[in-house]
Structures are given as C-alpha cells and as structure tokens.
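Raw run_30.txt, compact mmCIF, C-alpha atoms:
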# COMPACT_ATOMS: atom_id res chain seq x y z
CA MET A 1 0.00 0.00 0.00
CA ARG A 2 0.99 3.60 -0.62
CA ILE A 3 -0.19 5.66 2.35
CA LEU A 4 -0.35 9.44 2.74
CA ASN A 5 -0.69 10.87 6.26
CA ILE A 6 -1.84 14.50 6.55
CA CYS A 7 -1.05 16.22 9.85
CA ALA A 8 0.77 19.24 11.28
CA TYR A 9 3.79 17.04 11.91
CA THR A 10 5.63 19.23 14.42
CA TRP A 11 7.09 18.93 17.92
CA ALA A 12 4.55 21.46 19.15
CA ILE A 13 1.56 19.36 18.11
CA GLY A 14 2.65 16.62 20.53
CA GLY A 15 0.92 13.23 20.58
CA PRO A 16 -0.38 12.91 17.00
CA ALA A 17 3.12 13.38 15.55
CA ARG A 18 4.52 10.67 17.83
CA ILE A 19 1.64 8.35 16.97
CA ILE A 20 2.27 8.82 13.24
CA TYR A 21 6.02 8.25 13.74
CA ASP A 22 5.56 4.95 15.61
CA HIS A 23 2.81 3.72 13.31
CA THR A 24 4.83 4.59 10.21
CA THR A 25 7.83 2.67 11.54
CA GLU A 26 5.75 -0.50 11.74
CA VAL A 27 4.00 0.08 8.41
CA LEU A 28 7.34 0.53 6.63
CA ALA A 29 8.64 -2.66 8.23
CA ALA A 30 5.63 -4.46 6.77
CA GLY A 31 6.67 -3.40 3.27
CA HIS A 32 4.33 -0.46 2.65
CA GLU A 33 5.21 3.07 1.48
CA VAL A 34 4.43 6.14 3.60
CA THR A 35 4.44 9.89 2.90
CA ILE A 36 3.75 12.49 5.61
CA LEU A 37 2.31 15.76 4.34
CA SER A 38 2.63 18.55 6.90
CA PRO A 39 1.48 22.19 6.81
CA MET A 40 4.11 24.28 8.63
CA THR A 41 4.15 27.74 10.16
CA PRO A 42 7.52 29.50 9.83
CA GLY A 43 9.62 28.86 12.93
CA GLU A 44 7.99 25.55 13.84
CA LYS A 45 10.26 22.56 14.38
CA MET A 46 9.47 19.53 12.24
CA TYR A 47 9.15 16.17 13.97
CA PRO A 48 11.70 13.66 12.60
CA ALA A 49 10.52 11.21 9.96
CA PRO A 50 11.21 7.47 10.28
CA ASN A 51 13.88 6.08 7.96
CA GLY A 52 12.25 5.22 4.65
CA ALA A 53 9.31 7.63 4.96
CA LYS A 54 8.92 10.67 2.74
CA LEU A 55 8.24 13.97 4.56
CA VAL A 56 6.74 16.88 2.62
CA ALA A 57 6.50 20.25 4.40
CA CYS A 58 4.05 22.84 3.05
CA ALA A 59 4.07 26.49 4.13
CA ARG A 60 0.96 27.97 5.72
CA THR A 61 1.79 31.64 5.44
CA THR A 62 -1.35 33.35 4.13
CA PRO A 63 -3.56 35.48 6.42
CA LEU A 64 -6.31 32.87 6.00
CA SER A 65 -4.12 30.35 7.88
CA ASP A 66 -4.60 32.42 11.05
CA ILE A 67 -8.36 31.97 10.79
CA TYR A 68 -8.68 28.57 9.13
CA ARG A 69 -6.24 26.10 10.69
CA GLU A 70 -3.59 24.59 8.45
CA PHE A 71 -4.75 26.37 5.31
CA SER A 72 -1.93 25.93 2.82
CA ILE A 73 -1.93 26.60 -0.89
CA GLU A 74 1.24 24.50 -1.18
CA MET A 75 -0.51 21.53 0.42
CA TYR A 76 -3.42 21.82 -2.01
CA GLN A 77 -1.00 22.00 -4.94
CA TYR A 78 0.87 18.91 -3.72
CA LEU A 79 -2.38 16.95 -3.44
CA LYS A 80 -3.56 18.09 -6.85
CA ALA A 81 -0.30 16.83 -8.39
CA HIS A 82 0.18 13.63 -6.36
CA VAL A 83 -2.98 12.39 -4.63
CA HIS A 84 -3.59 9.85 -7.41
CA GLU A 85 -0.31 8.13 -6.41
CA TYR A 86 -1.73 6.91 -3.07
CA ASP A 87 -3.99 4.02 -2.10
CA VAL A 88 -4.84 5.52 1.31
CA VAL A 89 -5.09 9.16 2.38
CA HIS A 90 -5.19 9.30 6.19
CA MET A 91 -6.26 12.65 7.65
CA HIS A 92 -5.43 13.30 11.30
CA GLY A 93 -7.96 15.52 13.07
CA ILE A 94 -10.88 17.59 11.83
CA TRP A 95 -11.83 21.29 11.69
CA HIS A 96 -8.81 22.15 9.55
CA PHE A 97 -7.91 22.41 5.86
CA GLY A 98 -5.93 19.17 5.89
CA SER A 99 -9.13 17.20 6.49
CA LEU A 100 -10.97 18.97 3.67
CA ALA A 101 -8.42 19.24 0.86
CA PRO A 102 -8.37 15.52 -0.19
CA PHE A 103 -12.13 15.71 -0.82
CA LEU A 104 -11.76 18.72 -3.13
CA ILE A 105 -9.67 16.88 -5.73
CA PRO A 106 -11.08 13.90 -7.68
CA ASN A 107 -9.21 10.74 -6.64
CA ASN A 108 -9.77 7.06 -5.91
CA ALA A 109 -7.75 6.80 -2.69
CA VAL A 110 -9.37 5.34 0.40
CA LYS A 111 -10.03 8.29 2.74
CA VAL A 112 -9.45 7.73 6.46
CA ILE A 113 -10.07 10.24 9.26
CA THR A 114 -8.76 9.86 12.80
CA ILE A 115 -10.77 12.11 15.13
CA HIS A 116 -8.03 12.53 17.79
CA GLY A 117 -10.58 13.54 20.43
CA LEU A 118 -11.68 16.67 18.57
CA LEU A 119 -15.40 15.96 18.97
CA ASP A 120 -15.14 15.88 22.76
CA LYS A 121 -17.61 18.34 24.35
CA TRP A 122 -14.81 20.56 25.64
CA ALA A 123 -13.02 20.61 22.29
CA VAL A 124 -16.20 21.42 20.36
CA ALA A 125 -16.98 24.31 22.72
CA HIS A 126 -13.50 25.84 22.18
CA SER A 127 -13.58 28.38 19.29
CA LYS A 128 -17.20 27.32 18.94
CA TRP A 129 -18.24 29.82 16.28
CA LYS A 130 -15.54 28.64 13.87
CA LYS A 131 -16.56 25.03 14.34
CA GLN A 132 -20.22 25.86 13.83
CA ILE A 133 -19.32 27.42 10.46
CA VAL A 134 -17.19 24.42 9.45
CA THR A 135 -19.98 22.07 10.54
CA LEU A 136 -22.53 23.98 8.50
CA LEU A 137 -20.30 24.09 5.42
CA TYR A 138 -18.94 20.56 5.21
CA GLN A 139 -17.67 18.72 8.31
CA LYS A 140 -20.63 16.42 8.96
CA ARG A 141 -20.93 15.65 5.28
CA LEU A 142 -17.25 14.72 4.95
CA LEU A 143 -17.37 12.37 7.93
CA GLY A 144 -20.20 10.62 6.17
CA LYS A 145 -18.20 10.42 2.94
CA ALA A 146 -15.01 9.08 4.55
CA ASP A 147 -14.32 5.42 3.87
CA LEU A 148 -13.10 4.89 7.43
CA ILE A 149 -13.35 6.86 10.69
CA GLN A 150 -10.83 5.72 13.30
CA ILE A 151 -11.72 6.36 16.92
CA ASN A 152 -9.76 5.30 19.98
CA ASN A 153 -12.40 4.31 22.55
CA THR A 154 -16.07 4.14 23.47
CA ASP A 155 -16.07 7.73 24.80
CA GLU A 156 -15.05 8.95 21.37
CA GLU A 157 -17.71 6.73 19.81
CA GLU A 158 -20.33 8.60 21.86
CA ASP A 159 -18.82 11.94 20.78
CA VAL A 160 -19.15 11.05 17.08
CA ILE A 161 -22.71 9.78 17.48
CA ARG A 162 -23.70 12.94 19.38
CA TYR A 163 -22.15 15.16 16.71
CA LEU A 164 -23.63 13.36 13.68
CA GLY A 165 -26.90 12.25 15.25
CA TYR A 166 -26.29 8.64 14.17
CA ARG A 167 -23.59 5.95 14.30
CA PRO A 168 -21.80 5.86 10.95
CA LYS A 169 -21.20 2.42 9.45
CA ASN A 170 -17.66 3.39 8.50
CA MET A 171 -16.47 3.91 12.11
CA VAL A 172 -14.10 1.49 13.90
CA ILE A 173 -12.39 1.53 17.28
CA VAL A 174 -8.63 1.10 16.93
CA PRO A 175 -6.61 2.52 19.83
CA ASN A 176 -3.38 4.35 19.23
CA GLY A 177 -0.19 2.76 20.47
CA MET A 178 3.44 3.37 21.21
CA LYS A 179 6.80 1.67 20.83
CA LEU A 180 7.24 0.15 24.28
CA SER A 181 10.85 -0.86 23.69
CA ASP A 182 11.87 2.82 23.62
CA TYR A 183 11.29 2.97 27.37
CA THR A 184 12.86 -0.24 28.62
CA ASP A 185 16.22 1.34 29.52
CA LEU A 186 15.84 4.74 31.17
CA PRO A 187 18.73 7.03 32.11
CA ALA A 188 20.13 6.71 35.63
CA LYS A 189 18.15 8.42 38.36
CA GLY A 190 19.29 11.84 39.53
CA ILE A 191 20.39 13.40 36.22
CA PHE A 192 17.31 15.56 35.67
CA ARG A 193 17.14 16.52 39.34
CA SER A 194 20.78 17.56 39.33
CA LYS A 195 20.26 19.76 36.28
CA HIS A 196 17.34 21.59 37.89
CA GLY A 197 18.43 21.74 41.52
CA ILE A 198 15.88 19.23 42.80
CA ALA A 199 16.94 17.41 45.96
CA PRO A 200 16.71 13.58 46.16
CA ASP A 201 14.15 13.77 49.00
CA GLN A 202 11.77 16.10 47.14
CA GLN A 203 8.64 14.49 45.71
CA MET A 204 8.68 15.41 42.03
CA ILE A 205 5.33 15.80 40.28
CA LEU A 206 5.74 15.89 36.50
CA PHE A 207 3.33 17.52 34.06
CA MET A 208 4.27 17.07 30.41
CA GLY A 209 2.28 18.72 27.65
CA ARG A 210 1.56 22.00 25.94
CA LEU A 211 0.86 24.87 28.34
CA ASN A 212 -2.75 25.14 27.27
CA ILE A 213 -5.91 25.68 29.33
CA LYS A 214 -7.35 22.39 28.04
CA LYS A 215 -4.61 20.46 29.85
CA GLY A 216 -6.19 21.38 33.19
CA LEU A 217 -3.47 23.74 34.39
CA ASP A 218 -6.16 25.97 35.91
CA LEU A 219 -6.88 22.99 38.21
CA LEU A 220 -3.35 21.65 38.69
CA LEU A 221 -1.79 24.93 39.82
CA PRO A 222 -4.24 25.70 42.67
CA ALA A 223 -4.30 21.98 43.53
CA PHE A 224 -0.54 22.16 44.01
CA LEU A 225 -1.07 24.91 46.59
CA LYS A 226 -3.11 22.44 48.65
CA ILE A 227 -0.60 19.65 48.04
CA HIS A 228 2.27 21.86 49.17
CA GLU A 229 0.55 22.48 52.49
CA THR A 230 0.44 18.73 53.20
CA VAL A 231 3.66 17.68 51.46
CA PRO A 232 6.05 20.64 51.91
CA ASN A 233 8.86 18.99 49.96
CA ALA A 234 6.73 18.47 46.83
CA ILE A 235 7.87 20.15 43.62
CA LEU A 236 5.92 20.55 40.38
CA ILE A 237 7.73 20.37 37.04
CA LEU A 238 5.85 21.83 34.06
CA ALA A 239 7.44 20.48 30.89
CA GLY A 240 6.05 21.78 27.63
CA PRO A 241 5.95 24.68 25.15
CA ASP A 242 3.71 27.70 25.60
CA ASP A 243 0.34 27.24 23.92
CA GLY A 244 -1.57 30.18 25.37
CA TYR A 245 -1.32 29.59 29.13
CA GLN A 246 2.28 30.33 30.09
CA THR A 247 1.62 33.95 31.11
CA GLU A 248 -1.18 32.90 33.47
CA THR A 249 1.06 30.17 34.86
CA GLU A 250 3.92 32.58 35.54
CA GLU A 251 1.53 35.05 37.17
CA PHE A 252 0.18 32.31 39.45
CA ILE A 253 3.71 31.28 40.48
CA LYS A 254 4.66 34.88 41.23
CA LYS A 255 1.44 35.68 43.11
CA HIS A 256 1.86 32.71 45.45
CA ASN A 257 5.65 32.97 45.75
CA LEU A 258 6.14 29.44 44.39
CA GLY A 259 9.17 30.02 42.20
CA HIS A 260 11.15 27.56 44.30
CA ARG A 261 8.40 24.90 44.07
CA ILE A 262 7.05 25.15 40.51
CA LYS A 263 9.55 25.05 37.66
CA LEU A 264 8.84 25.66 33.96
CA VAL A 265 11.45 23.72 32.02
CA GLY A 266 10.15 24.06 28.44
CA MET A 267 9.56 21.21 26.01
CA LEU A 268 11.59 18.09 26.72
CA THR A 269 12.56 15.66 23.98
CA ASP A 270 14.51 12.44 23.50
CA THR A 271 17.02 11.66 26.27
CA ILE A 272 16.15 14.72 28.39
CA LYS A 273 12.50 13.67 28.44
CA LYS A 274 13.51 10.20 29.59
CA GLU A 275 15.68 11.71 32.32
CA ALA A 276 12.60 13.53 33.62
CA PHE A 277 10.56 10.32 33.57
CA SER A 278 13.34 8.50 35.40
CA ASP A 279 13.29 11.04 38.25
CA ALA A 280 9.52 11.62 38.57
CA ASP A 281 7.59 10.35 41.58
CA LEU A 282 4.23 11.04 39.93
CA PHE A 283 2.85 12.10 36.55
CA ALA A 284 -0.18 14.42 36.48
CA LEU A 285 -2.49 15.37 33.62
CA PRO A 286 -5.96 16.57 34.73
CA SER A 287 -6.92 17.33 31.13
CA TYR A 288 -10.32 18.49 29.95
CA SER A 289 -9.81 17.00 26.51
CA GLU A 290 -7.27 14.71 24.83
CA GLY A 291 -7.44 12.70 21.66
CA PHE A 292 -5.08 10.08 23.01
CA SER A 293 -2.36 11.10 25.45
CA ILE A 294 0.91 9.46 24.49
CA ALA A 295 2.57 11.27 27.42
CA VAL A 296 0.38 9.35 29.89
CA LEU A 297 1.21 6.05 28.17
CA GLU A 298 4.89 6.94 28.26
CA ALA A 299 4.72 7.63 32.00
CA MET A 300 2.92 4.36 32.62
CA THR A 301 5.45 2.45 30.52
CA CYS A 302 8.20 4.08 32.60
CA LYS A 303 6.42 2.72 35.70
CA ILE A 304 5.46 6.10 37.13
CA PRO A 305 2.17 6.32 39.06
CA THR A 306 -0.25 8.71 37.40
CA ALA A 307 -3.06 11.04 38.43
CA VAL A 308 -5.13 11.92 35.36
CA SER A 309 -8.67 12.76 34.31
CA ASP A 310 -10.76 10.26 32.40
CA ARG A 311 -10.53 12.50 29.32
CA VAL A 312 -6.97 11.51 28.36
CA GLY A 313 -8.22 9.34 25.50
CA PHE A 314 -8.44 5.89 27.07
CA GLY A 315 -10.42 6.43 30.25
CA ASP A 316 -12.38 3.23 29.64
CA TYR A 317 -9.16 1.19 29.73
CA ILE A 318 -7.96 3.02 32.85
CA ARG A 319 -11.21 2.24 34.65
CA LYS A 320 -11.10 -1.41 33.56
CA TYR A 321 -7.56 -1.89 34.90
CA ASP A 322 -7.82 0.63 37.77
CA ALA A 323 -4.57 1.93 36.28
CA SER A 324 -4.48 5.52 37.54
CA SER A 325 -5.79 7.81 40.22
CA LEU A 326 -8.67 9.18 38.15
CA THR A 327 -9.21 12.77 39.28
CA PRO A 328 -12.49 14.68 39.02
CA LEU A 329 -12.10 17.94 37.12
CA THR A 330 -12.05 20.07 40.27
CA VAL A 331 -9.20 21.60 42.24
CA ASP A 332 -9.95 19.45 45.30
CA GLY A 333 -10.33 16.34 43.14
CA VAL A 334 -6.92 16.85 41.53
CA ALA A 335 -5.26 17.61 44.86
CA ASP A 336 -6.78 14.55 46.54
CA GLY A 337 -5.82 12.25 43.66
CA ILE A 338 -2.21 13.36 43.74
CA LEU A 339 -1.94 13.28 47.54
CA LYS A 340 -3.28 9.74 47.67
CA ILE A 341 -0.34 8.58 45.54
CA LEU A 342 2.29 10.65 47.34
CA GLN A 343 1.16 9.51 50.79
CA ASP A 344 0.38 5.84 50.13
CA LYS A 345 3.33 3.95 48.68
CA SER A 346 1.44 0.65 48.60
CA TYR A 347 -1.37 2.19 46.55
CA SER A 348 1.22 3.83 44.29
CA ALA A 349 2.97 0.51 43.65
CA GLU A 350 -0.31 -1.20 42.76
CA LEU A 351 -1.18 1.56 40.28
CA VAL A 352 2.19 1.13 38.59
CA LYS A 353 1.72 -2.61 38.28
CA ARG A 354 -1.80 -2.39 36.84
CA ALA A 355 -0.94 0.47 34.48
CA TYR A 356 2.03 -1.40 33.03
CA ALA A 357 -0.18 -4.43 32.40
CA MET A 358 -2.76 -2.21 30.68
CA VAL A 359 -0.17 -0.67 28.35
CA THR A 360 1.60 -3.89 27.39
CA GLU A 361 -1.64 -5.80 26.79
CA ASN A 362 -3.42 -3.14 24.74
CA PHE A 363 -1.18 -0.43 23.33
CA ASP A 364 1.92 -2.03 21.85
CA ILE A 365 2.38 -0.29 18.48
CA LYS A 366 3.11 -3.60 16.74
CA VAL A 367 -0.39 -4.81 17.62
CA VAL A 368 -2.39 -1.66 16.89
CA ALA A 369 -0.50 -0.83 13.67
CA ASN A 370 -1.51 -4.20 12.27
CA GLN A 371 -5.10 -3.62 13.36
CA LEU A 372 -5.25 -0.37 11.41
CA LEU A 373 -3.60 -1.91 8.36
CA GLU A 374 -6.26 -4.63 8.37
CA GLU A 375 -8.97 -1.97 8.47
CA TYR A 376 -7.34 -0.24 5.49
CA LYS A 377 -7.41 -3.54 3.57
CA LYS A 378 -11.07 -4.22 4.38
CA VAL A 379 -12.10 -0.83 3.02
CA MET A 380 -9.96 -1.23 -0.10
CA LYS A 381 -11.66 -4.56 -0.88
CA LYS A 382 -15.06 -2.87 -0.76
Kindly transcribe the structure held in the file into structure tokens.
Amino acid sequence: MRILNICAYTWAIGGPARIIYDHTTEVLAAGHEVTILSPMTPGEKMYPAPNGAKLVACARTTPLSDIYREFSIEMYQYLKAHVHEYDVVHMHGIWHFGSLAPFLIPNNAVKVITIHGLLDKWAVAHSKWKKQIVTLLYQKRLLGKADLIQINNTDEEEDVIRYLGYRPKNMVIVPNGMKLSDYTDLPAKGIFRSKHGIAPDQQMILFMGRLNIKKGLDLLLPAFLKIHETVPNAILILAGPDDGYQTETEEFIKKHNLGHRIKLVGMLTDTIKKEAFSDADLFALPSYSEGFSIAVLEAMTCKIPTAVSDRVGFGDYIRKYDASSLTPLTVDGVADGILKILQDKSYSAELVKRAYAMVTENFDIKVVANQLLEEYKKVMKK
C-alpha cells in the first residue's frame, strides 16, 4: 500500500506526531510506502521522519491560515499533483484544511479520518463559532463520505454519534499505540534533578504537555497549593511549550511565591525527556480534553504512578484496569488524587503494576498498527 498521512507534523503538536512516527515505523517494516504531508508555520520545528518515509512540508503563510487552521496553498497544490499516487489518504484531526483538501480533488484513494478527540464536548466548545461554520459548510458531510473513521475508545464513539446524530457504518475503534521498547532502559536516576536543583528527598510531580488551558493547568496549579501544604517537599515540574497559558502560569507562580516549588522547564525531547521520567515520583495530567495522550502512556510504561482525568483518550481502559488515580475535574479532586499517591506507597505501587499491564496488553504499536492496516485492507476490498 501507498499511504499518505496529513497532519501538522511538528514537535509542538505533541501526541499525534509521535503516533504517526511509531505507526509509520511498523508500516514501513511491513513493506508499505508512507508519505507524511505537513502544513508548517515559519519557525515551527518539524518532527523527525522514520527512515524510509517521505516527509513533505508545506508552508501555511497566508492570512487565511490564522483563521482557518492549516490552510496551505502548497498543500493543495501537492495533493492536486500527487494524490492519485496513493492508495490511502489518512487525515489526522478535523476542523482544519488538511481534512478537507483531499475531498476537493477527484481521486480514488481510500479516505481515512482519525478524530483525535476533537469531537469531545470541551473541544467542540472551544472556538465554537468557527466550528459551527465548518460544521454547516462541510464537516458532517465529509465524515459521512469518509471510507473509514478511526476512533480510539467508546467515549469517542459517543462523541461522534452525538455530533452526527447517528452511528456511521464506517467507524471502527482502533486505539493508538506506542513503541514500548523505547522505554525499557531509562537514564540513571538523579540526572534531571541535578540539572534543575531538585533534591533527592523532594517528591517530584511531572506535568508534560503544551501549556494550554485544556490540559487542566487551571486545576493543577491551585491543587498544588493544597498539596504543598500537606507535602512541603513536593515540587511541580511543568514540561512543555507555551500554547496560550504560560503567562497565566507565571503570574500564578509569582502571586503565590512558588518560584522555588514550581519550575517551567520548556519542552523536553529524547534523552532529556527520559531523564525527567526516570526522576519523577508522579505524573499528572488533569486534562479536559485529549485525543489520546501518548505522554500518559509513556509515563505508565516508565512505571510512574499517574493522576489523570478520564478525558486523556483511554479512560475506559484506565477504569477497567484501575490503572491511575482518576481525578475529578475540580481543584480538590486533583489535589486529593495526587496526595493519595504521594502519601500511600502501597497504593502507588499497585497503580504502577496495573498500568504497566494495561499498556503492554493493549497499546503495543506492533499490535495496533496491524489492526489499522487490516482496516485499510477491508475498506480497499469494498
């Protein structure tokens, strides 16, 4: 098969880029061809492409790109010239030009859309007027025309049904996955702490993700105030690029004089990210909306206890395995969930054990990549 993935394939976009990278690695190993088509804003850092994959970057520099996400004349021109070369065109996400463009050009490729959590109630309410316009113009119609809609879980199934008003026949549940072997050998403990002046006896809470309101930072920051009262040696590490909420975060830290207890360390990648995982006592993500949080899976694979909301993209699996301290989306709920882990080592150890079982049994990229390939083949036969 010749497969074209369309996504803003950048470090800043986070999970979807990593998902495409891991999936592409397995697909290439199975003998297929993969191209990644990515609209890029000047200054963005491109995510690396797996060996053997073709990566095509298209500029999104027109004023319309600021209003209509990922609008790119270059991307349209590439599709017009090359879309006929592909058997499968896989669009990642909705609401943006990348999920519309393949339908504007006559072609016989199988069209696949992965929702990535973007029909979650919180996500739909964000920039609501734009999404209402896109819905009115084409979005519902295109979901109906897609040959395959990939969703990750039963929560997302409910989101699609609520949005469309019916369950489309072309929808399948295939969870995303990750390359577990990347996290079998972590760096030695103490490296990250040494770099950031964190003492060995401090309880390190790690948040990893874009600094965006949807990640639940408006809950995590005040929750940490309560945690600090009970666990004075606790420290919160916020690892991620600014995505609209860094100013508010810095103001909160300054207002409460927490500069020595809350550290913003920017986006962490590769070995440095693994050093942070190696030193963390707890991973927290009280998110309002996630398509599928690879960061949470990474933490679980690294055997770190987690406190997360059930909106991280696989809440049904977490509940089934009792794999995390599931926090209500309230300040007290987040604080209580984190404190339970920090204060009860037996509970923490059990969470780690169950979470690792959940990841290895359900989210190994070798398994889920083959599942998606089989779904591609079924649609092509039709």
Counting only C-alpha atoms, which residues of region 285-327 of chain A fall within 12 Å of region 89-108 of chain A, and what is the closest atom pair for each with its distance in Å at one decimal, ordered by chain and rising number, as a tab-separated table?
residue	atom	partner	partner_atom	distance
A:Glu290	CA	A:Gly93	CA	11.8
A:Gly291	CA	A:Gly93	CA	9.1
A:Phe292	CA	A:Gly93	CA	11.7
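The gap separating CA of Asn152 (chain A) from CA of Met208 (chain A) is 21.1 Å, in Å to one decimal.
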- Query: Which residue, A:Tyr47, A:Tyr68, A:Tyr86, A:Tyr183, has the smallest gap to Thr360 (chain A) when you use only C-alpha atoms?
  - Reply: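 Checking each candidate against Thr360 (chain A), we get A:Tyr183 as the closest.
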- Could you please determine the separation between CA of His23 (chain A) and CA of Pro39 (chain A) in Å, to one decimal place?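 Separation of CA of His23 (chain A) and CA of Pro39 (chain A): 19.6 Å.
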- Distance of CA of Ser38 (chain A) from CA of Ala8 (chain A), expressed in Å to one decimal place: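 These atoms are spaced 4.8 Å apart.
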For region 174-285 of chain A against region 326-349 of chain A, with a cut-off of 8 Å and counting all atoms listed in the file, what is the closest atom pair and its distance in Å to one decimal for every residue that makes the cut, ordered by chain and number, as CSV?
residue,atom,partner,partner_atom,distance
A:Gln203,CA,A:Leu342,CA,7.6
A:Gly216,CA,A:Leu329,CA,7.9
A:Leu219,CA,A:Val331,CA,4.9
A:Leu220,CA,A:Val334,CA,6.6
A:Pro222,CA,A:Val331,CA,6.4
A:Ala223,CA,A:Ala335,CA,4.7
A:Phe224,CA,A:Ala335,CA,6.6
A:Lys226,CA,A:Ala335,CA,6.5
A:Ile227,CA,A:Ala335,CA,6.0
A:Asp281,CA,A:Leu342,CA,7.8
A:Leu282,CA,A:Ile341,CA,7.6
A:Ala284,CA,A:Ile338,CA,7.6
- Query: Which residues, written as a PyMOL selection string, have at least one atom at most 7 Å from region 174-177 of chain A, with all atoms listed in the file counted and residues fewer than 2 positions away on the same chain left out?
  - Reply: chain A and resi 19+150-153+172+363-365+368+371-372
- Message: Report as a PyMOL selection string all protein, DNA and RNA residues lying within 9 Å of Met358 (chain A), evaluated on only C-alpha atoms, omitting residues in the same chain fewer than 4 positions from it.
- Response: chain A and resi 300+317-318+320-321+323+353-354+362-363
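Among the candidates A:Lys121, A:Lys179, A:Lys215, A:His196, the one nearest to Ile262 (chain A) when counting all atoms listed in the file is A:His196.
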- Item | Pick from A:Arg18, A:Lys128, A:His116, A:Arg60 nearest to Tyr76 (chain A), counting all atoms listed in the file |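 Among the listed residues, A:Arg60 lies closest to Tyr76 (chain A).
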